[in-house]
file upload-v5.cif (mmCIF, C-alpha atoms)
data_model
#
loop_
_atom_site.label_atom_id
_atom_site.label_comp_id
_atom_site.auth_asym_id
_atom_site.auth_seq_id
_atom_site.Cartn_x
_atom_site.Cartn_y
_atom_site.Cartn_z
CA MET A 24 -56.70 -15.31 -49.08
CA LYS A 25 -53.59 -15.15 -46.88
CA PRO A 26 -53.66 -18.85 -45.81
CA ILE A 27 -53.88 -19.90 -49.50
CA LEU A 28 -50.85 -17.74 -50.35
CA ALA A 29 -48.90 -19.18 -47.42
CA LEU A 30 -49.85 -22.71 -48.50
CA ILE A 31 -48.66 -22.05 -52.08
CA LEU A 32 -45.35 -20.68 -50.74
CA ILE A 33 -44.89 -23.73 -48.48
CA ILE A 34 -45.52 -26.06 -51.45
CA LEU A 35 -43.21 -24.12 -53.75
CA PHE A 36 -40.37 -23.65 -51.25
CA PRO A 37 -38.75 -27.08 -51.79
CA LEU A 38 -38.84 -26.42 -55.54
CA PHE A 39 -36.96 -23.12 -55.10
CA ALA A 40 -34.48 -24.76 -52.73
CA ASN A 41 -33.94 -27.62 -55.15
CA ALA A 42 -33.52 -25.23 -58.09
CA GLN A 43 -30.23 -24.03 -56.56
CA THR A 44 -28.56 -27.36 -57.29
CA LYS A 45 -30.76 -28.35 -60.23
CA ALA A 46 -27.98 -28.00 -62.79
CA ILE A 47 -25.64 -30.23 -60.75
CA ASN A 48 -28.32 -32.85 -60.12
CA GLU A 49 -29.36 -32.98 -63.78
CA PHE A 50 -25.76 -33.27 -64.94
CA TYR A 51 -25.14 -36.03 -62.39
CA ARG A 52 -28.26 -37.94 -63.50
CA SER A 53 -27.47 -37.67 -67.20
CA HIS A 54 -23.81 -38.79 -66.86
CA LYS A 55 -23.79 -41.24 -63.96
CA LYS A 56 -24.39 -44.21 -66.23
CA ASP A 57 -21.80 -43.21 -68.85
CA LYS A 58 -19.33 -45.95 -69.78
CA GLY A 59 -16.33 -46.05 -67.42
CA THR A 60 -17.88 -43.59 -64.99
CA ILE A 61 -17.89 -44.13 -61.23
CA ASN A 62 -20.75 -42.40 -59.47
CA LEU A 63 -21.30 -41.93 -55.78
CA ALA A 64 -24.07 -40.09 -53.94
CA LEU A 65 -23.89 -40.07 -50.17
CA PRO A 66 -26.37 -38.47 -47.81
CA GLY A 67 -25.00 -36.49 -44.86
CA PHE A 68 -25.70 -39.09 -42.16
CA VAL A 69 -23.73 -41.76 -44.08
CA ILE A 70 -20.70 -39.41 -44.34
CA ARG A 71 -20.90 -38.59 -40.63
CA LEU A 72 -21.26 -42.26 -39.72
CA GLY A 73 -18.34 -43.27 -41.98
CA ALA A 74 -16.14 -40.52 -40.57
CA SER A 75 -16.85 -41.46 -36.96
CA ILE A 76 -16.09 -45.14 -37.68
CA ALA A 77 -12.86 -44.37 -39.61
CA ARG A 78 -11.46 -41.72 -37.22
CA PRO A 79 -10.16 -43.95 -34.40
CA HIS A 80 -8.39 -46.21 -36.92
CA LEU A 81 -6.34 -43.43 -38.55
CA ASP A 82 -2.78 -42.52 -37.61
CA GLU A 83 -2.42 -39.29 -39.60
CA GLU A 84 -3.51 -36.42 -37.35
CA GLU A 85 -4.17 -34.13 -40.35
CA ILE A 86 -6.71 -36.57 -41.84
CA LYS A 87 -8.36 -36.89 -38.44
CA ILE A 88 -8.72 -33.11 -38.32
CA GLY A 89 -10.23 -33.16 -41.82
CA LEU A 90 -12.71 -35.83 -40.79
CA ARG A 91 -13.97 -33.59 -38.00
CA PHE A 92 -15.17 -31.37 -40.82
CA ALA A 93 -17.32 -34.22 -42.16
CA LYS A 94 -19.77 -33.56 -39.34
CA LYS A 95 -20.80 -30.41 -41.19
CA MET A 96 -21.44 -32.15 -44.50
CA LYS A 97 -25.00 -32.71 -45.64
CA GLY A 98 -24.36 -34.65 -48.80
CA LEU A 99 -21.80 -35.57 -51.43
CA LYS A 100 -22.09 -36.33 -55.11
CA LEU A 101 -19.09 -37.65 -57.00
CA LEU A 102 -18.65 -38.45 -60.69
CA VAL A 103 -15.30 -39.80 -61.85
CA ALA A 104 -14.59 -40.79 -65.44
CA GLU A 105 -11.07 -41.96 -66.21
CA ASP A 106 -9.57 -42.74 -69.61
CA GLU A 107 -12.84 -42.49 -71.54
CA SER A 108 -14.85 -39.49 -70.41
CA THR A 109 -17.80 -38.62 -72.62
CA VAL A 110 -18.11 -35.10 -71.18
CA THR A 111 -17.28 -32.67 -73.97
CA ARG A 112 -15.81 -29.23 -73.32
CA ASP A 113 -19.05 -27.59 -74.47
CA GLN A 114 -21.04 -29.65 -71.95
CA TYR A 115 -18.49 -28.75 -69.28
CA LEU A 116 -18.69 -25.03 -70.02
CA GLN A 117 -22.49 -25.19 -70.10
CA LEU A 118 -22.49 -26.83 -66.66
CA VAL A 119 -20.19 -24.12 -65.30
CA SER A 120 -22.42 -21.39 -66.73
CA GLU A 121 -25.66 -22.98 -65.40
CA VAL A 122 -24.16 -23.51 -61.95
CA LYS A 123 -23.04 -19.90 -61.86
CA SER A 124 -26.58 -18.78 -62.56
CA ASN A 125 -27.75 -20.98 -59.66
CA GLN A 126 -26.14 -18.83 -56.94
CA TYR A 127 -22.70 -20.44 -57.16
CA GLU A 128 -19.75 -18.05 -57.27
CA GLU A 129 -16.43 -18.81 -58.88
CA LEU A 130 -13.43 -19.10 -56.59
CA ILE A 131 -10.75 -20.40 -58.92
CA MET A 132 -10.65 -21.13 -62.64
CA VAL A 133 -7.70 -22.69 -64.44
CA HIS A 134 -7.47 -23.54 -68.14
CA GLU A 135 -4.27 -25.10 -69.43
CA GLY A 136 -4.14 -26.92 -72.75
CA ASP A 137 -6.88 -29.57 -72.57
CA THR A 138 -7.31 -29.21 -68.81
CA ASP A 139 -9.99 -27.18 -67.08
CA VAL A 140 -10.41 -26.74 -63.33
CA ASN A 141 -13.23 -24.80 -61.69
CA ILE A 142 -13.89 -24.41 -57.99
CA MET A 143 -17.15 -22.75 -57.03
CA VAL A 144 -18.97 -22.02 -53.82
CA ARG A 145 -22.52 -21.19 -52.76
CA GLU A 146 -22.79 -19.04 -49.67
CA LYS A 147 -25.93 -18.14 -47.75
CA LYS A 148 -26.25 -16.32 -44.44
CA ASP A 149 -22.49 -16.53 -43.78
CA LYS A 150 -22.47 -20.28 -44.28
CA ILE A 151 -20.90 -22.19 -47.15
CA ARG A 152 -23.88 -24.20 -48.40
CA GLY A 153 -22.29 -25.78 -51.44
CA LEU A 154 -18.83 -26.48 -52.77
CA LEU A 155 -18.31 -27.69 -56.32
CA ILE A 156 -15.02 -28.91 -57.76
CA LEU A 157 -14.85 -29.67 -61.48
CA VAL A 158 -11.86 -31.03 -63.38
CA ARG A 159 -11.89 -31.92 -67.04
CA GLU A 160 -9.14 -33.27 -69.28
CA SER A 161 -9.44 -34.59 -72.83
CA ASP A 162 -10.12 -38.14 -71.56
CA SER A 163 -11.16 -37.71 -67.94
CA PHE A 164 -13.63 -35.82 -65.82
CA VAL A 165 -14.23 -35.32 -62.08
CA MET A 166 -17.17 -33.61 -60.42
CA MET A 167 -17.34 -33.35 -56.66
CA SER A 168 -20.33 -31.56 -55.26
CA MET A 169 -20.67 -31.10 -51.51
CA LYS A 170 -23.69 -29.83 -49.65
CA THR A 171 -22.38 -28.28 -46.47
CA LYS A 172 -23.16 -25.95 -43.61
CA PHE A 173 -19.63 -24.73 -42.92
CA LYS A 174 -19.21 -21.41 -41.17
CA MET A 175 -16.08 -19.38 -41.79
CA GLU A 176 -15.13 -20.05 -38.16
CA ASP A 177 -15.14 -23.78 -38.97
CA VAL A 178 -12.82 -23.23 -41.95
CA ASN A 179 -10.64 -21.01 -39.76
CA GLN A 180 -10.38 -23.69 -37.10
CA LEU A 181 -9.58 -26.34 -39.71
CA VAL A 182 -6.78 -24.24 -41.25
CA LYS A 183 -5.38 -23.42 -37.80
CA ASP A 184 -5.44 -27.05 -36.64
CA ILE A 185 -3.81 -28.34 -39.82
CA MET A 186 -1.13 -25.62 -39.78
CA ARG A 187 -0.45 -26.19 -36.09
CA GLU A 188 -0.07 -29.90 -36.79
CA LYS A 189 2.34 -29.19 -39.66
CA LEU A 190 4.42 -26.87 -37.49
CA LEU A 191 4.60 -29.52 -34.77
CA LYS A 192 5.71 -32.09 -37.32
CA LYS A 193 8.35 -29.69 -38.69
CA LYS A 194 9.70 -29.03 -35.19
CA LYS A 195 9.87 -32.76 -34.47
CA GLU A 196 11.78 -33.41 -37.70
CA GLU A 197 14.30 -30.61 -37.06
CA PRO A 198 17.55 -31.91 -35.44
CA PRO A 199 17.97 -30.66 -31.85
CA LYS A 200 20.13 -27.52 -31.58
CA LYS A 201 23.51 -28.08 -29.97
CA SER A 202 23.82 -26.11 -26.75
CA LYS A 203 26.80 -23.75 -26.57
CA PRO A 204 29.55 -24.79 -24.15
CA LEU A 205 29.69 -22.59 -21.07
CA PRO A 206 32.66 -20.16 -20.88
CA PRO A 207 35.41 -21.34 -18.50
CA GLN A 208 34.97 -19.87 -15.08
CA ALA A 209 37.80 -17.84 -13.64
CA MET B 28 -37.29 16.86 -60.51
CA LYS B 29 -35.52 15.74 -57.34
CA TYR B 30 -36.81 12.19 -57.76
CA LEU B 31 -35.77 12.20 -61.41
CA SER B 32 -32.19 13.16 -60.45
CA VAL B 33 -32.05 10.43 -57.79
CA LEU B 34 -33.36 7.88 -60.29
CA LEU B 35 -30.84 9.00 -62.90
CA ILE B 36 -27.92 8.80 -60.44
CA ALA B 37 -29.06 5.34 -59.26
CA LEU B 38 -29.37 4.15 -62.86
CA LEU B 39 -25.94 5.50 -63.78
CA GLY B 40 -24.45 3.94 -60.63
CA PHE B 41 -25.99 0.58 -61.48
CA THR B 42 -24.73 0.72 -65.07
CA TYR B 43 -21.23 1.62 -63.84
CA SER B 44 -21.11 -1.17 -61.25
CA ALA B 45 -22.51 -3.71 -63.73
CA SER B 46 -19.86 -2.81 -66.30
CA ALA B 47 -17.15 -2.97 -63.63
CA GLN B 48 -18.29 -6.43 -62.58
CA ASN B 49 -18.43 -7.67 -66.15
CA GLY B 50 -14.85 -6.53 -66.56
CA ASN B 51 -15.18 -4.29 -69.59
CA ASP B 52 -11.76 -2.73 -69.17
CA ALA B 53 -9.03 -3.35 -71.73
CA ILE B 54 -7.23 -6.01 -69.72
CA SER B 55 -10.46 -7.94 -69.03
CA LYS B 56 -11.34 -7.91 -72.72
CA TYR B 57 -7.82 -8.98 -73.60
CA PHE B 58 -7.93 -11.73 -70.98
CA ASN B 59 -11.40 -12.97 -72.04
CA GLN B 60 -10.23 -13.10 -75.66
CA TYR B 61 -7.78 -15.90 -74.82
CA VAL B 62 -9.62 -17.70 -71.98
CA ASP B 63 -10.69 -20.61 -74.20
CA ASP B 64 -7.58 -20.72 -76.39
CA SER B 65 -5.71 -24.00 -75.85
CA ASN B 66 -2.38 -22.26 -76.62
CA PHE B 67 -2.76 -20.29 -73.37
CA THR B 68 -2.65 -21.13 -69.70
CA VAL B 69 -5.24 -19.12 -67.83
CA VAL B 70 -5.65 -18.77 -64.07
CA TYR B 71 -8.34 -16.65 -62.46
CA ILE B 72 -8.79 -16.25 -58.72
CA SER B 73 -11.97 -14.35 -57.93
CA SER B 74 -12.71 -11.65 -55.40
CA LYS B 75 -14.88 -14.21 -53.56
CA MET B 76 -11.83 -16.42 -53.00
CA PHE B 77 -9.85 -13.49 -51.61
CA GLU B 78 -12.86 -12.48 -49.49
CA LEU B 79 -12.93 -15.98 -47.96
CA LEU B 80 -9.15 -16.01 -47.50
CA GLY B 81 -9.34 -12.58 -45.87
CA LYS B 82 -11.64 -14.00 -43.21
CA LEU B 83 -9.04 -16.56 -42.18
CA ASP B 84 -7.23 -15.67 -39.01
CA VAL B 85 -3.66 -16.98 -38.95
CA ASP B 86 -2.26 -14.37 -36.57
CA GLU B 87 -2.15 -16.81 -33.67
CA LEU B 88 0.20 -19.11 -35.56
CA GLU B 89 3.93 -18.77 -35.45
CA ASP B 90 4.26 -19.29 -39.21
CA GLU B 91 5.74 -15.96 -40.29
CA GLU B 92 5.61 -16.76 -44.01
CA ALA B 93 1.89 -17.59 -43.90
CA ALA B 94 1.18 -14.46 -41.88
CA ALA B 95 3.11 -12.29 -44.39
CA VAL B 96 1.22 -13.77 -47.34
CA MET B 97 -2.12 -13.31 -45.58
CA GLU B 98 -1.20 -9.68 -44.97
CA VAL B 99 -1.01 -9.19 -48.76
CA VAL B 100 -3.93 -11.42 -49.63
CA LYS B 101 -6.45 -9.79 -47.29
CA ASP B 102 -6.53 -6.61 -49.39
CA MET B 103 -6.57 -8.33 -52.77
CA ARG B 104 -9.72 -8.55 -54.88
CA GLY B 105 -8.63 -10.63 -57.86
CA LEU B 106 -5.78 -12.25 -59.70
CA ARG B 107 -5.55 -13.11 -63.39
CA VAL B 108 -2.69 -14.91 -65.06
CA LEU B 109 -2.30 -15.49 -68.78
CA THR B 110 0.75 -17.26 -70.19
CA THR B 111 1.74 -18.77 -73.51
CA GLU B 112 4.77 -20.09 -75.34
CA HIS B 113 3.03 -19.49 -78.66
CA ASN B 114 4.36 -16.35 -80.45
CA PRO B 115 5.41 -14.77 -77.12
CA LEU B 116 6.95 -11.59 -78.55
CA LYS B 117 3.93 -10.90 -80.76
CA MET B 118 1.63 -11.45 -77.77
CA TYR B 119 3.71 -9.06 -75.66
CA GLU B 120 3.49 -6.34 -78.30
CA GLU B 121 -0.25 -6.90 -78.67
CA ALA B 122 -0.73 -6.61 -74.89
CA VAL B 123 1.35 -3.45 -74.69
CA ASN B 124 -0.64 -1.88 -77.54
CA THR B 125 -3.98 -2.90 -75.99
CA ILE B 126 -3.28 -1.28 -72.66
CA ASN B 127 -4.81 2.12 -72.26
CA THR B 128 -1.92 4.35 -71.29
CA LYS B 129 -4.36 6.84 -69.76
CA GLU B 130 -5.55 4.15 -67.36
CA TYR B 131 -2.20 2.64 -66.48
CA GLU B 132 1.00 4.29 -65.45
CA GLN B 133 4.33 2.67 -66.08
CA LEU B 134 6.08 1.81 -62.86
CA MET B 135 9.16 -0.04 -64.00
CA THR B 136 10.65 -1.52 -67.15
CA VAL B 137 13.41 -4.09 -67.16
CA ARG B 138 15.00 -4.91 -70.49
CA THR B 139 17.46 -7.74 -70.87
CA GLU B 140 18.85 -9.53 -73.92
CA ASP B 141 16.21 -12.23 -73.61
CA GLU B 142 13.10 -10.53 -72.32
CA ASN B 143 11.18 -7.38 -71.56
CA VAL B 144 9.48 -6.92 -68.20
CA GLN B 145 7.01 -4.13 -67.52
CA PHE B 146 5.21 -3.22 -64.32
CA LEU B 147 2.20 -0.97 -64.76
CA VAL B 148 -0.08 0.45 -62.07
CA LYS B 149 -3.56 1.88 -61.94
CA GLU B 150 -4.88 4.68 -59.68
CA SER B 151 -2.07 4.79 -57.23
CA SER B 152 -1.65 6.82 -54.07
CA GLY B 153 1.71 6.49 -52.43
CA ASP B 154 2.70 2.87 -51.94
CA VAL B 155 -0.87 1.56 -52.28
CA ILE B 156 -2.27 0.90 -55.77
CA ASN B 157 -5.52 -0.51 -57.17
CA GLU B 158 -4.06 -2.73 -59.86
CA LEU B 159 -0.61 -4.01 -60.60
CA LEU B 160 -0.05 -5.36 -64.07
CA LEU B 161 3.03 -7.41 -64.86
CA LEU B 162 3.91 -8.08 -68.50
CA VAL B 163 6.77 -10.32 -69.52
CA GLY B 164 7.66 -10.93 -73.14
CA GLY B 165 10.64 -12.99 -74.20
CA GLN B 166 11.85 -15.48 -76.78
CA GLU B 167 10.36 -18.37 -74.82
CA ASP B 168 7.16 -17.16 -73.21
CA PHE B 169 4.70 -14.37 -72.63
CA VAL B 170 3.25 -13.73 -69.16
CA LEU B 171 0.51 -11.34 -68.07
CA VAL B 172 -0.32 -11.13 -64.36
CA SER B 173 -2.93 -8.71 -63.09
CA PHE B 174 -3.32 -8.15 -59.34
CA ILE B 175 -6.45 -6.24 -58.32
CA GLY B 176 -7.15 -4.74 -54.89
CA ASN B 177 -5.39 -2.46 -52.46
CA ILE B 178 -1.87 -3.57 -53.15
CA ASP B 179 1.13 -2.49 -51.14
CA LEU B 180 4.16 -2.58 -53.42
CA ASN B 181 6.45 -3.19 -50.46
CA LYS B 182 4.61 -6.39 -49.58
CA ILE B 183 3.60 -7.86 -52.95
CA SER B 184 6.96 -9.55 -53.51
CA LYS B 185 6.10 -11.90 -50.61
CA LEU B 186 3.54 -13.49 -52.92
CA ALA B 187 6.28 -14.46 -55.38
CA LYS B 188 7.39 -17.28 -53.07
CA VAL B 189 3.95 -18.91 -52.95
CA LEU B 190 2.68 -18.15 -56.47
CA ASP B 191 3.66 -21.12 -58.55
CA VAL B 192 3.24 -19.37 -61.91
CA ASP B 193 5.72 -18.35 -64.57
CA GLY B 194 6.76 -14.74 -64.27
CA ALA B 195 5.88 -14.41 -60.55
CA GLU B 196 9.60 -14.40 -59.75
CA HIS B 197 9.78 -10.94 -61.36
CA LEU B 198 7.83 -9.56 -58.39
CA ASP B 199 11.12 -9.63 -56.49
CA LYS B 200 12.24 -6.72 -58.69
CA LEU B 201 9.71 -4.50 -56.94
CA GLU B 202 11.78 -4.75 -53.77
CA ASP B 203 14.53 -2.84 -55.57
CA GLN B 204 12.13 0.05 -56.22
CA PRO B 205 12.97 3.43 -54.64
CA ASP B 206 10.92 4.46 -51.58
CA GLU B 207 8.88 7.04 -53.48
CA GLY B 208 6.56 4.20 -54.47
CA ASN B 209 5.42 4.53 -58.06
CA SER B 210 8.23 6.61 -59.45
CA LYS B 211 9.12 5.42 -62.94
CA SER B 212 12.30 3.57 -63.63
CA THR B 213 13.86 1.79 -66.58
CA LYS B 214 16.66 -0.72 -66.27
CA GLU B 215 18.68 -2.33 -69.00
CA TYR B 216 20.91 -5.35 -68.54
#
call {"tool": "encode", "arguments": {"input": "upload-v5.cif", "output": "structure tokens"}}
result
Amino acid sequence: MKPILALILIILFPLFANAQTKAINEFYRSHKKDKGTINLALPGFVIRLGASIARPHLDEEEIKIGLRFAKKMKGLKLLVAEDESTVTRDQYLQLVSEVKSNQYEELIMVHEGDTDVNIMVREKKDKIRGLLILVRESDSFVMMSMKTKFKMEDVNQLVKDIMREKLLKKKKEEPPKKSKPLPPQA
Amino acid sequence: MKYLSVLLIALLGFTYSASAQNGNDAISKYFNQYVDDSNFTVVYISSKMFELLGKLDVDELEDEEAAAVMEVVKDMRGLRVLTTEHNPLKMYEEAVNTINTKEYEQLMTVRTEDENVQFLVKESSGDVINELLLLVGGQEDFVLVSFIGNIDLNKISKLAKVLDVDGAEHLDKLEDQPDEGNSKSTKEY
């Protein structure tokens, strides 16, 4: 009996794993062919490859630091609709609610006039497994969903490196301090 | 009988924590009432966000401002902002009447010709409080800001510099507070 149970669990496991991002995937599928919508789905190895090719050609140190982070990305889905988004506010709110019930937790929510912004995260075993950024205006919509395996230490390192870079830049831009003239010797 | 008591306590505990998470207090209800209203600007930063921010270690950096903000942020558990330019005085009065005066204690009131500013606190002990509520009502706009967490009144004003929301500048007024922490004060200008 036990091997049968184990076999059932092995078969069902991918379904459970997939269910965590089911709402995002379904939304992506149903809107990717909307008029005026740009859709992009990249697997992790393509992101890593793209980042390693682009890195040596960049001058901005901060972007280079950010690209180091790309190594930890396992996939990216992007939907961008400008000027003629067909995503209604009800559909947007339904997506937010379904994603929340799929283990995503809200980080930030902003609602101003016709604009909505939601940033959500899915964490498992101290790793950020998913990051979802949603922006909706009356005529535009953006959904960026990232599958990741960031640890908090990675985020820490990223913040430190970027801040250190900014401080260095600030110091370089500051005019050199004039040294005080020495007092006349007796 | 012993098991029954344990079960009852567990059940009560669960009900309490569930209601706390759903935000059934007066301010949460008031906030949720206007979340979808297009006349209002709503900002909500969750406890999860503050939990993640709290894990960041910026001590090694020489950026004093960032370190000071992180010092405040690490003990925070939530931030809600509600602002509108639509009937601001009416909204201010409604908010003041909604607040349970048994729950909140008035910390400071500033009254000027143009606007009323109220700071209210919840469950305070010394300089550390569990919620700081800022209400601003004037001719032009209404602002409600609710900070949740272990908040040190002496440090919260540091957030004013980085919070790009209307009304946050009033946090500077807390620096003028007397040392006794939550002693009440009313100022008129």
call {"tool": "interface_residues", "arguments": {"input": "upload-v5.cif", "of": "chain B", "to": "chain A", "cutoff": "8 Å", "atoms": "all atoms listed in the file", "output": "PyMOL selection string"}}
result
chain B and resi 62-76+79+82-85+88+90
call {"tool": "write_last_selection", "arguments": {"input": "upload-v5.cif", "atoms": "C-alpha atoms", "output": "compact mmCIF listing (two decimals), in the frame of the given file"}}
result
# COMPACT_ATOMS: atom_id res chain seq x y z
CA VAL B 62 -9.62 -17.70 -71.98
CA ASP B 63 -10.69 -20.61 -74.20
CA ASP B 64 -7.58 -20.72 -76.39
CA SER B 65 -5.71 -24.00 -75.85
CA ASN B 66 -2.38 -22.26 -76.62
CA PHE B 67 -2.76 -20.29 -73.37
CA THR B 68 -2.65 -21.13 -69.70
CA VAL B 69 -5.24 -19.12 -67.83
CA VAL B 70 -5.65 -18.77 -64.07
CA TYR B 71 -8.34 -16.65 -62.46
CA ILE B 72 -8.79 -16.25 -58.72
CA SER B 73 -11.97 -14.35 -57.93
CA SER B 74 -12.71 -11.65 -55.40
CA LYS B 75 -14.88 -14.21 -53.56
CA MET B 76 -11.83 -16.42 -53.00
CA LEU B 79 -12.93 -15.98 -47.96
CA LYS B 82 -11.64 -14.00 -43.21
CA LEU B 83 -9.04 -16.56 -42.18
CA ASP B 84 -7.23 -15.67 -39.01
CA VAL B 85 -3.66 -16.98 -38.95
CA LEU B 88 0.20 -19.11 -35.56
CA ASP B 90 4.26 -19.29 -39.21
call {"tool": "residues_around", "arguments": {"input": "upload-v5.cif", "residues": "Ser124 (chain A)", "least_positions_apart": "6", "cutoff": "12 Å", "atoms": "all atoms listed in the file", "output": "MDAnalysis selection string"}}
result
chainID A and resid 42:47 117:118 143 145
call {"tool": "atom_distance", "arguments": {"input": "upload-v5.cif", "atom1": "CA of Ser53 (chain A)", "atom2": "CA of Lys172 (chain A)"}}
result
26.7 Å
call {"tool": "residues_around", "arguments": {"input": "upload-v5.cif", "residues": "Leu101 (chain A)", "least_positions_apart": "4", "cutoff": "12 Å", "atoms": "all atoms listed in the file", "output": "mmCIF file with C-alpha atoms, keeping the file's coordinate frame"}}
result
data_model
loop_
_atom_site.group_PDB
_atom_site.id
_atom_site.type_symbol
_atom_site.label_atom_id
_atom_site.label_comp_id
_atom_site.auth_asym_id
_atom_site.auth_seq_id
_atom_site.Cartn_x
_atom_site.Cartn_y
_atom_site.Cartn_z
ATOM 1 C CA ILE A 47 -25.640 -30.230 -60.750
ATOM 2 C CA ASN A 48 -28.320 -32.850 -60.120
ATOM 3 C CA PHE A 50 -25.760 -33.270 -64.940
ATOM 4 C CA TYR A 51 -25.140 -36.030 -62.390
ATOM 5 C CA ARG A 52 -28.260 -37.940 -63.500
ATOM 6 C CA HIS A 54 -23.810 -38.790 -66.860
ATOM 7 C CA LYS A 55 -23.790 -41.240 -63.960
ATOM 8 C CA THR A 60 -17.880 -43.590 -64.990
ATOM 9 C CA ILE A 61 -17.890 -44.130 -61.230
ATOM 10 C CA ASN A 62 -20.750 -42.400 -59.470
ATOM 11 C CA LEU A 63 -21.300 -41.930 -55.780
ATOM 12 C CA ALA A 64 -24.070 -40.090 -53.940
ATOM 13 C CA LEU A 65 -23.890 -40.070 -50.170
ATOM 14 C CA PRO A 66 -26.370 -38.470 -47.810
ATOM 15 C CA LEU A 154 -18.830 -26.480 -52.770
ATOM 16 C CA LEU A 155 -18.310 -27.690 -56.320
ATOM 17 C CA ILE A 156 -15.020 -28.910 -57.760
ATOM 18 C CA LEU A 157 -14.850 -29.670 -61.480
ATOM 19 C CA VAL A 158 -11.860 -31.030 -63.380
ATOM 20 C CA PHE A 164 -13.630 -35.820 -65.820
ATOM 21 C CA VAL A 165 -14.230 -35.320 -62.080
ATOM 22 C CA MET A 166 -17.170 -33.610 -60.420
ATOM 23 C CA MET A 167 -17.340 -33.350 -56.660
ATOM 24 C CA SER A 168 -20.330 -31.560 -55.260
ATOM 25 C CA MET A 169 -20.670 -31.100 -51.510
ATOM 26 C CA LYS A 170 -23.690 -29.830 -49.650
#
call {"tool": "atom_distance", "arguments": {"input": "upload-v5.cif", "atom1": "CA of Ser75 (chain A)", "atom2": "CA of Lys94 (chain A)"}}
result
8.8 Å
call {"tool": "resolve_selection", "arguments": {"input": "upload-v5.cif", "expression": "the PyMOL selection byres ((chain A and resi 92) around 9)", "output": "MDAnalysis selection string"}}
result
chainID A and resid 88:91 93:96 173 177:178 181
call {"tool": "write_last_selection", "arguments": {"input": "upload-v5.cif", "atoms": "C-alpha atoms", "output": "short mmCIF file (atom, residue, chain, number, x, y, z; two decimals), in the coordinates of the input"}}
result
data_model
loop_
_atom_site.label_atom_id
_atom_site.label_comp_id
_atom_site.auth_asym_id
_atom_site.auth_seq_id
_atom_site.Cartn_x
_atom_site.Cartn_y
_atom_site.Cartn_z
CA ILE A 88 -8.72 -33.11 -38.32
CA GLY A 89 -10.23 -33.16 -41.82
CA LEU A 90 -12.71 -35.83 -40.79
CA ARG A 91 -13.97 -33.59 -38.00
CA ALA A 93 -17.32 -34.22 -42.16
CA LYS A 94 -19.77 -33.56 -39.34
CA LYS A 95 -20.80 -30.41 -41.19
CA MET A 96 -21.44 -32.15 -44.50
CA PHE A 173 -19.63 -24.73 -42.92
CA ASP A 177 -15.14 -23.78 -38.97
CA VAL A 178 -12.82 -23.23 -41.95
CA LEU A 181 -9.58 -26.34 -39.71
#
call {"tool": "atom_distance", "arguments": {"input": "upload-v5.cif", "atom1": "CA of Tyr115 (chain A)", "atom2": "CA of Gly153 (chain A)"}}
result
18.5 Å
call {"tool": "closest_residue", "arguments": {"input": "upload-v5.cif", "among": "B:Glu92, B:Glu130, B:Glu167, B:Asp102", "to": "Glu150 (chain B)", "atoms": "only C-alpha atoms"}}
result
B:Glu130
call {"tool": "resolve_selection", "arguments": {"input": "upload-v5.cif", "expression": "the PyMOL selection byres ((chain B and resi 158) around 7)", "output": "short mmCIF file (atom, residue, chain, number, x, y, z; two decimals) with C-alpha atoms, keeping the file's coordinate frame"}}
result
data_model
loop_
_atom_site.label_atom_id
_atom_site.label_comp_id
_atom_site.auth_asym_id
_atom_site.auth_seq_id
_atom_site.Cartn_x
_atom_site.Cartn_y
_atom_site.Cartn_z
CA VAL B 148 -0.08 0.45 -62.07
CA LYS B 149 -3.56 1.88 -61.94
CA ILE B 156 -2.27 0.90 -55.77
CA ASN B 157 -5.52 -0.51 -57.17
CA LEU B 159 -0.61 -4.01 -60.60
CA LEU B 160 -0.05 -5.36 -64.07
CA SER B 173 -2.93 -8.71 -63.09
CA PHE B 174 -3.32 -8.15 -59.34
CA ILE B 175 -6.45 -6.24 -58.32
CA GLY B 176 -7.15 -4.74 -54.89
#
call {"tool": "closest_residue", "arguments": {"input": "upload-v5.cif", "among": "A:Leu102, A:Leu81, A:Ile151, A:Leu72", "to": "Thr171 (chain A)", "atoms": "all atoms listed in the file"}}
result
A:Ile151
call {"tool": "closest_residue", "arguments": {"input": "upload-v5.cif", "among": "B:Ile54, B:Ala95, B:Val163, B:Leu180", "to": "Lys117 (chain B)", "atoms": "only C-alpha atoms"}}
result
B:Val163
call {"tool": "closest_residue", "arguments": {"input": "upload-v5.cif", "among": "B:Thr110, B:Gln166, B:Asn181, B:Ser55", "to": "Asp141 (chain B)", "atoms": "all atoms listed in the file"}}
result
B:Gln166
call {"tool": "resolve_selection", "arguments": {"input": "upload-v5.cif", "expression": "the PyMOL selection byres ((chain A and resi 163) around 6)", "output": "VMD selection string"}}
result
chain A and resid 104 to 106 108 159 to 160 162 164
call {"tool": "closest_residue", "arguments": {"input": "upload-v5.cif", "among": "B:Ala93, B:Val100, B:Leu109, B:Leu162", "to": "Arg138 (chain B)", "atoms": "all atoms listed in the file"}}
result
B:Leu162
call {"tool": "residues_around", "arguments": {"input": "upload-v5.cif", "residues": "Asp168 (chain B)", "least_positions_apart": "3", "cutoff": "8 Å", "atoms": "all atoms listed in the file", "output": "PyMOL selection string"}}
result
chain B and resi 110-116+163-165
